[in-house]
file input36.txt (compact mmCIF, C-alpha atoms)
# COMPACT_ATOMS: atom_id res chain seq x y z
CA MET N 1 81.02 78.75 66.33
CA LYS N 2 81.86 81.65 64.04
CA ALA N 3 84.74 81.51 61.55
CA PHE N 4 88.10 82.87 62.67
CA THR N 5 91.66 83.26 61.42
CA TYR N 6 94.29 81.05 63.05
CA GLU N 7 97.87 82.25 63.62
CA ARG N 8 100.88 80.51 65.15
CA PRO N 9 103.57 83.15 65.87
CA ALA N 10 107.24 82.18 66.23
CA THR N 11 108.15 84.54 69.09
CA VAL N 12 106.51 86.11 72.11
CA GLN N 13 106.86 89.58 70.63
CA ASP N 14 105.29 88.41 67.35
CA ALA N 15 102.32 87.12 69.35
CA ALA N 16 101.93 90.48 71.09
CA LYS N 17 102.17 92.34 67.77
CA LEU N 18 99.46 90.17 66.23
CA ALA N 19 97.17 90.78 69.20
CA ALA N 20 97.71 94.52 68.91
CA GLU N 21 97.23 94.66 65.13
CA ARG N 22 94.24 92.35 64.75
CA PRO N 23 90.87 93.60 65.99
CA ASN N 24 89.19 91.17 68.37
CA ALA N 25 92.12 88.75 68.62
CA LYS N 26 92.54 86.22 71.43
CA PHE N 27 95.47 84.13 72.63
CA ILE N 28 94.78 80.41 72.94
CA ALA N 29 96.79 77.75 74.78
CA GLY N 30 94.81 75.04 76.60
CA GLY N 31 91.49 76.55 75.53
CA THR N 32 89.65 75.06 78.52
CA ASN N 33 87.60 78.24 79.01
CA LEU N 34 87.88 80.09 75.70
CA LEU N 35 86.59 77.26 73.51
CA ASP N 36 83.47 76.87 75.67
CA LEU N 37 82.82 80.59 75.37
CA MET N 38 83.29 80.46 71.61
CA LYS N 39 80.81 77.60 71.25
CA LEU N 40 78.22 79.70 73.09
CA GLN N 41 79.20 82.80 71.04
CA ILE N 42 79.99 84.73 74.20
CA GLU N 43 83.48 85.14 72.77
CA THR N 44 83.65 85.60 69.00
CA PRO N 45 87.32 86.31 68.21
CA ALA N 46 88.18 87.16 64.62
CA THR N 47 91.71 85.79 65.17
CA LEU N 48 93.03 83.02 67.42
CA ILE N 49 96.73 83.32 68.24
CA ASP N 50 98.09 79.91 69.23
CA VAL N 51 100.93 80.42 71.73
CA ASN N 52 101.54 76.77 72.59
CA ARG N 53 104.88 76.57 70.76
CA LEU N 54 106.40 79.61 72.46
CA PRO N 55 109.22 78.92 74.98
CA LEU N 56 107.15 79.73 78.07
CA ASP N 57 106.80 76.31 79.68
CA LYS N 58 109.64 76.24 82.23
CA VAL N 59 109.71 76.51 86.03
CA GLU N 60 113.00 78.10 87.09
CA ALA N 61 114.60 79.40 90.27
CA THR N 62 115.14 83.16 90.46
CA GLN N 63 118.26 84.94 91.71
CA GLU N 64 116.21 86.26 94.63
CA GLY N 65 115.45 82.74 95.83
CA GLY N 66 111.94 82.55 94.41
CA LEU N 67 110.41 80.71 91.47
CA ARG N 68 109.57 81.85 87.94
CA ILE N 69 106.68 79.95 86.37
CA GLY N 70 106.29 80.19 82.60
CA ALA N 71 102.91 81.24 81.25
CA LEU N 72 102.46 77.89 79.46
CA VAL N 73 103.26 75.62 82.40
CA ARG N 74 100.28 73.28 82.72
CA ASN N 75 98.39 73.21 86.00
CA SER N 76 99.09 69.50 86.53
CA ASP N 77 102.81 69.97 85.99
CA LEU N 78 102.94 72.95 88.33
CA ALA N 79 101.09 71.11 91.09
CA ALA N 80 103.53 68.18 90.76
CA GLU N 81 106.67 70.34 90.63
CA PRO N 82 108.81 69.33 93.66
CA ARG N 83 109.80 72.91 94.53
CA VAL N 84 106.18 74.01 94.49
CA ARG N 85 105.08 71.08 96.66
CA LYS N 86 107.89 71.72 99.15
CA ASP N 87 108.08 75.51 99.36
CA TYR N 88 104.72 76.76 98.04
CA ALA N 89 102.39 74.01 99.20
CA VAL N 90 99.35 76.30 99.31
CA LEU N 91 99.70 76.75 95.55
CA ALA N 92 99.98 73.02 94.86
CA LYS N 93 96.90 72.37 97.02
CA ALA N 94 94.90 75.10 95.28
CA LEU N 95 95.78 73.76 91.85
CA LEU N 96 94.75 70.22 92.77
CA ALA N 97 91.44 71.55 94.11
CA GLY N 98 90.57 73.04 90.72
CA ALA N 99 88.71 71.36 87.84
CA SER N 100 89.40 67.75 86.84
CA GLY N 101 92.66 65.96 86.09
CA GLN N 102 91.98 66.13 82.36
CA LEU N 103 91.41 69.88 82.44
CA ARG N 104 94.48 70.47 84.65
CA ASN N 105 96.53 68.62 82.04
CA LYS N 106 95.53 71.24 79.45
CA ALA N 107 95.06 74.42 81.47
CA THR N 108 98.00 76.84 81.67
CA THR N 109 99.26 79.25 84.29
CA ALA N 110 98.39 82.35 82.25
CA GLY N 111 95.07 80.92 81.12
CA ASN N 112 94.10 80.18 84.70
CA LEU N 113 94.67 83.82 85.63
CA LEU N 114 92.60 84.98 82.66
CA GLN N 115 89.62 82.62 82.95
CA ARG N 116 86.30 84.38 82.99
CA THR N 117 83.51 84.30 85.55
CA ARG N 118 81.07 81.41 85.77
CA CYS N 119 78.12 83.73 86.48
CA TYR N 120 74.97 82.04 85.14
CA TYR N 121 73.84 85.20 83.38
CA PHE N 122 77.21 85.84 81.74
CA TYR N 123 76.82 82.42 80.11
CA ASP N 124 73.21 83.03 79.04
CA THR N 125 73.19 85.31 76.00
CA ALA N 126 69.42 85.81 76.34
CA MET N 127 69.94 87.66 79.64
CA PRO N 128 71.39 91.14 80.27
CA CYS N 129 75.02 91.21 81.45
CA ASN N 130 77.21 94.29 81.73
CA LYS N 131 80.32 92.15 81.51
CA ARG N 132 79.24 90.59 78.23
CA GLU N 133 77.39 93.63 76.84
CA PRO N 134 78.23 96.89 78.70
CA GLY N 135 75.18 98.95 79.55
CA SER N 136 72.68 96.10 79.28
CA GLY N 137 72.27 95.62 83.04
CA CYS N 138 73.09 92.91 85.60
CA ALA N 139 70.50 90.14 85.75
CA ALA N 140 72.29 88.51 88.68
CA ILE N 141 71.47 91.30 91.14
CA GLY N 142 67.76 90.53 91.08
CA GLY N 143 68.06 86.93 89.95
CA PHE N 144 69.50 83.68 91.25
CA ASN N 145 72.84 84.82 92.66
CA ARG N 146 73.98 81.94 94.86
CA ILE N 147 77.58 81.94 93.57
CA MET N 148 77.95 85.72 93.32
CA ALA N 149 80.11 88.24 95.16
CA VAL N 150 79.43 89.62 98.63
CA VAL N 151 82.38 92.06 98.76
CA GLY N 152 83.96 94.35 96.17
CA ALA N 153 80.91 94.24 93.91
CA SER N 154 79.09 97.15 92.29
CA GLU N 155 75.66 97.98 90.91
CA SER N 156 77.06 97.04 87.49
CA CYS N 157 78.28 93.53 88.35
CA ILE N 158 78.32 91.03 91.22
CA ALA N 159 80.28 88.27 89.45
CA THR N 160 83.12 86.37 91.13
CA ASN N 161 86.55 85.30 89.93
CA PRO N 162 86.55 81.48 89.56
CA SER N 163 90.29 80.75 89.91
CA ASP N 164 91.70 78.63 92.75
CA MET N 165 95.28 79.17 91.63
CA ALA N 166 94.98 82.96 91.71
CA VAL N 167 93.81 82.90 95.33
CA ALA N 168 96.94 81.03 96.40
CA MET N 169 99.14 83.31 94.30
CA ARG N 170 97.55 86.32 95.97
CA ALA N 171 98.47 84.90 99.38
CA LEU N 172 102.04 84.37 98.12
CA ASP N 173 102.40 87.92 96.68
CA ALA N 174 103.08 86.70 93.15
CA THR N 175 104.03 89.03 90.29
CA VAL N 176 102.72 88.72 86.73
CA GLU N 177 105.29 89.35 83.99
CA THR N 178 104.21 90.58 80.55
CA MET N 179 105.56 91.70 77.18
CA ASP N 180 104.01 94.29 74.87
CA PRO N 181 104.19 94.56 71.04
CA ALA N 182 107.34 96.71 71.28
CA GLY N 183 109.13 94.02 73.29
CA GLN N 184 108.90 96.01 76.53
CA THR N 185 108.35 93.98 79.69
CA ARG N 186 106.26 94.83 82.73
CA ARG N 187 105.82 93.37 86.21
CA ILE N 188 102.35 93.61 87.73
CA PRO N 189 101.79 92.66 91.39
CA ILE N 190 98.97 90.14 91.45
CA ALA N 191 97.15 92.42 93.89
CA ASP N 192 96.78 94.87 90.99
CA PHE N 193 96.34 92.39 88.15
CA HIS N 194 92.63 91.64 88.56
CA ARG N 195 90.22 94.59 88.74
CA LEU N 196 87.05 95.14 90.72
CA PRO N 197 84.00 95.72 88.49
CA GLY N 198 83.12 99.33 89.30
CA ASP N 199 81.38 100.81 86.25
CA THR N 200 83.48 98.78 83.78
CA PRO N 201 83.04 95.08 84.63
CA GLN N 202 84.05 94.13 81.08
CA ILE N 203 87.62 95.24 81.91
CA GLU N 204 88.79 92.38 84.10
CA THR N 205 92.58 92.77 84.31
CA ASP N 206 95.30 95.41 84.10
CA LEU N 207 96.58 94.02 80.78
CA ARG N 208 96.92 96.51 77.92
CA GLN N 209 96.08 95.98 74.26
CA GLY N 210 98.43 93.37 72.79
CA GLU N 211 100.17 92.63 76.10
CA ILE N 212 100.87 88.94 76.70
CA ILE N 213 101.63 87.18 79.98
CA THR N 214 105.06 85.52 79.87
CA ALA N 215 105.46 84.26 83.45
CA VAL N 216 104.38 84.48 87.06
CA THR N 217 107.10 85.00 89.66
CA LEU N 218 106.87 83.91 93.28
CA PRO N 219 109.08 85.55 95.93
CA LYS N 220 111.17 83.58 98.41
CA PRO N 221 109.26 80.81 100.18
CA VAL N 222 107.12 81.84 103.14
CA ALA N 223 107.54 79.82 106.33
CA GLY N 224 104.47 78.49 108.07
CA MET N 225 101.62 76.06 107.63
CA HIS N 226 100.21 76.18 104.10
CA ILE N 227 96.45 75.54 103.95
CA TYR N 228 93.96 75.69 101.11
CA ARG N 229 90.39 75.05 102.18
CA LYS N 230 87.71 75.01 99.49
CA VAL N 231 84.00 74.83 100.24
CA ARG N 232 81.96 73.73 97.22
CA ASP N 233 78.71 72.04 96.31
CA ARG N 234 80.30 68.71 95.50
CA ALA N 235 83.57 67.03 96.37
CA SER N 236 85.26 67.53 93.00
CA TYR N 237 85.06 69.46 89.76
CA ALA N 238 83.16 72.44 91.21
CA PHE N 239 84.03 76.09 91.66
CA ALA N 240 84.50 77.46 95.17
CA THR N 241 81.54 78.83 97.06
CA VAL N 242 84.15 80.12 99.52
CA SER N 243 87.86 79.28 99.62
CA VAL N 244 90.74 80.34 101.84
CA ALA N 245 94.45 80.23 100.99
CA ALA N 246 96.42 80.67 104.19
CA VAL N 247 100.01 80.65 105.35
CA ILE N 248 100.09 80.78 109.14
CA ALA N 249 103.35 80.71 111.08
CA GLY N 250 104.59 80.49 114.65
CA VAL N 251 101.37 79.67 116.49
CA GLU N 252 101.97 80.01 120.23
CA GLY N 253 99.34 80.48 122.88
CA GLY N 254 96.66 80.40 120.20
CA LYS N 255 98.13 83.35 118.29
CA PRO N 256 100.29 83.16 115.14
CA SER N 257 103.41 85.28 114.66
CA ALA N 258 102.52 85.86 110.99
CA ALA N 259 99.55 85.19 108.75
CA ARG N 260 98.58 85.54 105.11
CA LEU N 261 94.94 85.07 104.16
CA ALA N 262 93.41 85.25 100.69
CA PHE N 263 89.82 84.37 99.83
CA GLY N 264 88.10 83.04 96.73
CA GLY N 265 84.42 82.97 95.85
CA LEU N 266 83.77 86.32 97.53
CA ALA N 267 84.69 88.96 94.95
CA HIS N 268 85.57 89.83 91.38
CA LYS N 269 89.22 89.17 92.29
CA PRO N 270 91.09 87.15 94.95
CA TRP N 271 90.25 88.96 98.19
CA ARG N 272 92.99 89.79 100.68
CA VAL N 273 92.67 92.31 103.51
CA ALA N 274 95.76 93.37 105.48
CA GLU N 275 93.66 94.31 108.52
CA ALA N 276 92.39 90.74 108.76
CA GLU N 277 95.90 89.33 108.91
CA GLU N 278 96.91 91.94 111.49
CA ALA N 279 93.86 91.12 113.63
CA LEU N 280 94.63 87.40 113.56
CA VAL N 281 98.23 87.98 114.64
CA ARG N 282 97.23 90.47 117.31
CA THR N 283 94.33 88.55 118.87
CA GLY N 284 94.39 85.02 117.48
CA SER N 285 90.67 85.45 116.81
CA ALA N 286 89.33 84.11 113.52
CA ASP N 287 86.14 86.09 114.11
CA GLU N 288 87.99 89.40 114.38
CA ALA N 289 89.89 88.58 111.21
CA ALA N 290 86.60 87.70 109.50
CA ASP N 291 85.14 91.06 110.58
CA ALA N 292 87.86 92.78 108.57
CA VAL N 293 87.47 90.47 105.57
CA LEU N 294 83.71 91.01 105.47
CA LYS N 295 83.65 94.75 106.16
CA GLY N 296 80.91 96.17 103.95
CA ALA N 297 79.78 92.71 102.84
CA ARG N 298 76.35 92.49 101.23
CA GLY N 299 74.33 89.52 100.14
CA TYR N 300 71.80 89.69 97.31
CA GLY N 301 69.37 87.05 98.50
CA SER N 302 70.46 83.64 97.29
CA ASN N 303 74.08 84.28 98.36
CA ASP N 304 73.43 85.70 101.85
CA PHE N 305 74.75 82.44 103.31
CA LYS N 306 78.26 83.21 102.05
CA ILE N 307 78.81 85.74 104.85
CA PRO N 308 78.45 83.29 107.79
CA LEU N 309 80.07 80.56 105.67
CA THR N 310 83.20 82.70 105.28
CA ARG N 311 83.41 83.02 109.07
CA ARG N 312 83.06 79.28 109.60
CA THR N 313 85.61 78.49 106.92
CA LEU N 314 88.17 80.87 108.40
CA ARG N 315 87.57 79.43 111.87
CA ALA N 316 88.30 75.95 110.48
CA VAL N 317 91.51 77.17 108.83
CA VAL N 318 92.75 78.84 112.02
CA ALA N 319 91.81 75.79 114.11
CA GLN N 320 93.76 73.55 111.73
CA ALA N 321 96.84 75.78 112.01
CA THR N 322 96.53 75.97 115.79
CA ARG N 323 96.28 72.19 116.23
CA ALA N 324 99.36 71.50 114.11
call {"tool": "encode", "arguments": {"input": "input36.txt", "output": "structure tokens"}}
result
Amino acid sequence: MKAFTYERPATVQDAAKLAAERPNAKFIAGGTNLLDLMKLQIETPATLIDVNRLPLDKVEATQEGGLRIGALVRNSDLAAEPRVRKDYAVLAKALLAGASGQLRNKATTAGNLLQRTRCYYFYDTAMPCNKREPGSGCAAIGGFNRIMAVVGASESCIATNPSDMAVAMRALDATVETMDPAGQTRRIPIADFHRLPGDTPQIETDLRQGEIITAVTLPKPVAGMHIYRKVRDRASYAFATVSVAAVIAGVEGGKPSAARLAFGGLAHKPWRVAEAEEALVRTGSADEAADAVLKGARGYGSNDFKIPLTRRTLRAVVAQATRA
């Protein structure tokens, strides 16, 4: 691990200013992803900005009837929060499906959104990776790509986003709140927060230089059955091969009156397609919804199986909602 400067700012704005002023600075809270990357010298920050003492660890009701989750709320605490379990059950289920209990005790809401891909080649500094070293190439496209993307990818990168929490938040239409070095705040719909790789896979989010996440806001609770189904290689402590966060309401005659569907393990960001939800409401057919989700899908050899697996997983989710 390379030497770095350690800072502990007193305010959120001070933290943002430090990040803007210091070249190659990184925020650290739980460190469950960043410290691993530093040990492998994939991340080599010159400055670590410890934000753990900032007042960003509360879960509060909003005037609009939703919930505001501080950036430093730990994943375990958020999953156990009574209002989350009652009104946003898909989020609680997604959180509990991620990592181990020990890691959930350390991992934060903002850190979960910002965790980096688990692509094998991103983690191997001997291999080319456009995300790690722009312009070097993507070893995953012609290599072992079992966990890689089948939609939303590009010739520059086929990595996937590893977050379970973000998939549920995408289904719930969450909003990410930030502050910049001037103290100005911004609200970013989670649909726009994560970026597809395009020609710049190293740019993963819509955050600007020095901008810090302060909270994630959920709108009013969504009625319906909340389901999080995660398909993975082992029963615990594994990233999703395919996951589905669903809120399905008013099933009658095999067709729901409303549906929200977000997918993990398929793309560089949580994947949600409005046409899929419309098809499920219109026809009740999981296969027609899957057609919309997988439009333009492409496997790269080792991950071809993800396309039929997505169909089967969505069928299981719809069947579960229909039986309830």
call {"tool": "residues_around", "arguments": {"input": "input36.txt", "residues": "Gln115 (chain N)", "least_positions_apart": "6", "cutoff": "10 Å", "atoms": "only C-alpha atoms", "output": "NGL selection string"}}
result
:N and (31-34 or 107 or 161-163 or 204)
call {"tool": "residues_near_point", "arguments": {"input": "input36.txt", "point": "(110.8, 72.2, 86.4)", "cutoff": "10 Å", "atoms": "only C-alpha atoms", "output": "JSON list (two decimals) with C-alpha atoms, keeping the file's coordinate frame"}}
result
[["chain", "number", "residue", "atom", "x", "y", "z"],
["N", 57, "ASP", "CA", 106.80, 76.31, 79.68],
["N", 58, "LYS", "CA", 109.64, 76.24, 82.23],
["N", 59, "VAL", "CA", 109.71, 76.51, 86.03],
["N", 60, "GLU", "CA", 113.00, 78.10, 87.09],
["N", 61, "ALA", "CA", 114.60, 79.40, 90.27],
["N", 67, "LEU", "CA", 110.41, 80.71, 91.47],
["N", 68, "ARG", "CA", 109.57, 81.85, 87.94],
["N", 69, "ILE", "CA", 106.68, 79.95, 86.37],
["N", 70, "GLY", "CA", 106.29, 80.19, 82.60],
["N", 73, "VAL", "CA", 103.26, 75.62, 82.40],
["N", 77, "ASP", "CA", 102.81, 69.97, 85.99],
["N", 78, "LEU", "CA", 102.94, 72.95, 88.33],
["N", 80, "ALA", "CA", 103.53, 68.18, 90.76],
["N", 81, "GLU", "CA", 106.67, 70.34, 90.63],
["N", 82, "PRO", "CA", 108.81, 69.33, 93.66],
["N", 83, "ARG", "CA", 109.80, 72.91, 94.53],
["N", 84, "VAL", "CA", 106.18, 74.01, 94.49]]
call {"tool": "closest_atom_pairs", "arguments": {"input": "input36.txt", "of": "region 85-177 of chain N", "to": "region 260-282 of chain N", "cutoff": "6 Å", "atoms": "only C-alpha atoms", "output": "Markdown table"}}
result
| residue | atom | partner | partner_atom | distance |
| --- | --- | --- | --- | --- |
| N:Ala149 | CA | N:Ala267 | CA | 4.6 |
| N:Val150 | CA | N:Leu266 | CA | 5.6 |
| N:Val151 | CA | N:Ala267 | CA | 5.4 |
| N:Gly152 | CA | N:Ala267 | CA | 5.6 |
| N:Ala159 | CA | N:His268 | CA | 5.8 |
| N:Thr160 | CA | N:His268 | CA | 4.2 |
| N:Asn161 | CA | N:His268 | CA | 4.9 |
| N:Val167 | CA | N:Pro270 | CA | 5.1 |
| N:Ala171 | CA | N:Ala262 | CA | 5.2 |
call {"tool": "write_last_selection", "arguments": {"input": "input36.txt", "atoms": "C-alpha atoms", "output": "PDB file, keeping the file's coordinate frame"}}
result
ATOM      1  CA  ALA N 149      80.110  88.240  95.160  1.00  0.00           C
ATOM      2  CA  VAL N 150      79.430  89.620  98.630  1.00  0.00           C
ATOM      3  CA  VAL N 151      82.380  92.060  98.760  1.00  0.00           C
ATOM      4  CA  GLY N 152      83.960  94.350  96.170  1.00  0.00           C
ATOM      5  CA  ALA N 159      80.280  88.270  89.450  1.00  0.00           C
ATOM      6  CA  THR N 160      83.120  86.370  91.130  1.00  0.00           C
ATOM      7  CA  ASN N 161      86.550  85.300  89.930  1.00  0.00           C
ATOM      8  CA  VAL N 167      93.810  82.900  95.330  1.00  0.00           C
ATOM      9  CA  ALA N 171      98.470  84.900  99.380  1.00  0.00           C
TER      10      ALA N 171
END
call {"tool": "atom_distance", "arguments": {"input": "input36.txt", "atom1": "CA of Tyr228 (chain N)", "atom2": "CA of Gly253 (chain N)"}}
result
22.9 Å
call {"tool": "atom_distance", "arguments": {"input": "input36.txt", "atom1": "CA of Ser154 (chain N)", "atom2": "CA of Asp304 (chain N)"}}
result
16.0 Å
call {"tool": "closest_residue", "arguments": {"input": "input36.txt", "among": "N:Thr313, N:Ser285, N:Asn303, N:Gln320", "to": "Gly142 (chain N)", "atoms": "all atoms listed in the file"}}
result
N:Asn303
call {"tool": "residues_around", "arguments": {"input": "input36.txt", "residues": "Ala10 (chain N)", "least_positions_apart": "4", "cutoff": "9 Å", "atoms": "all atoms listed in the file", "output": "JSON, numbers by chain"}}
result
{"N": [14, 15, 51, 53, 54]}
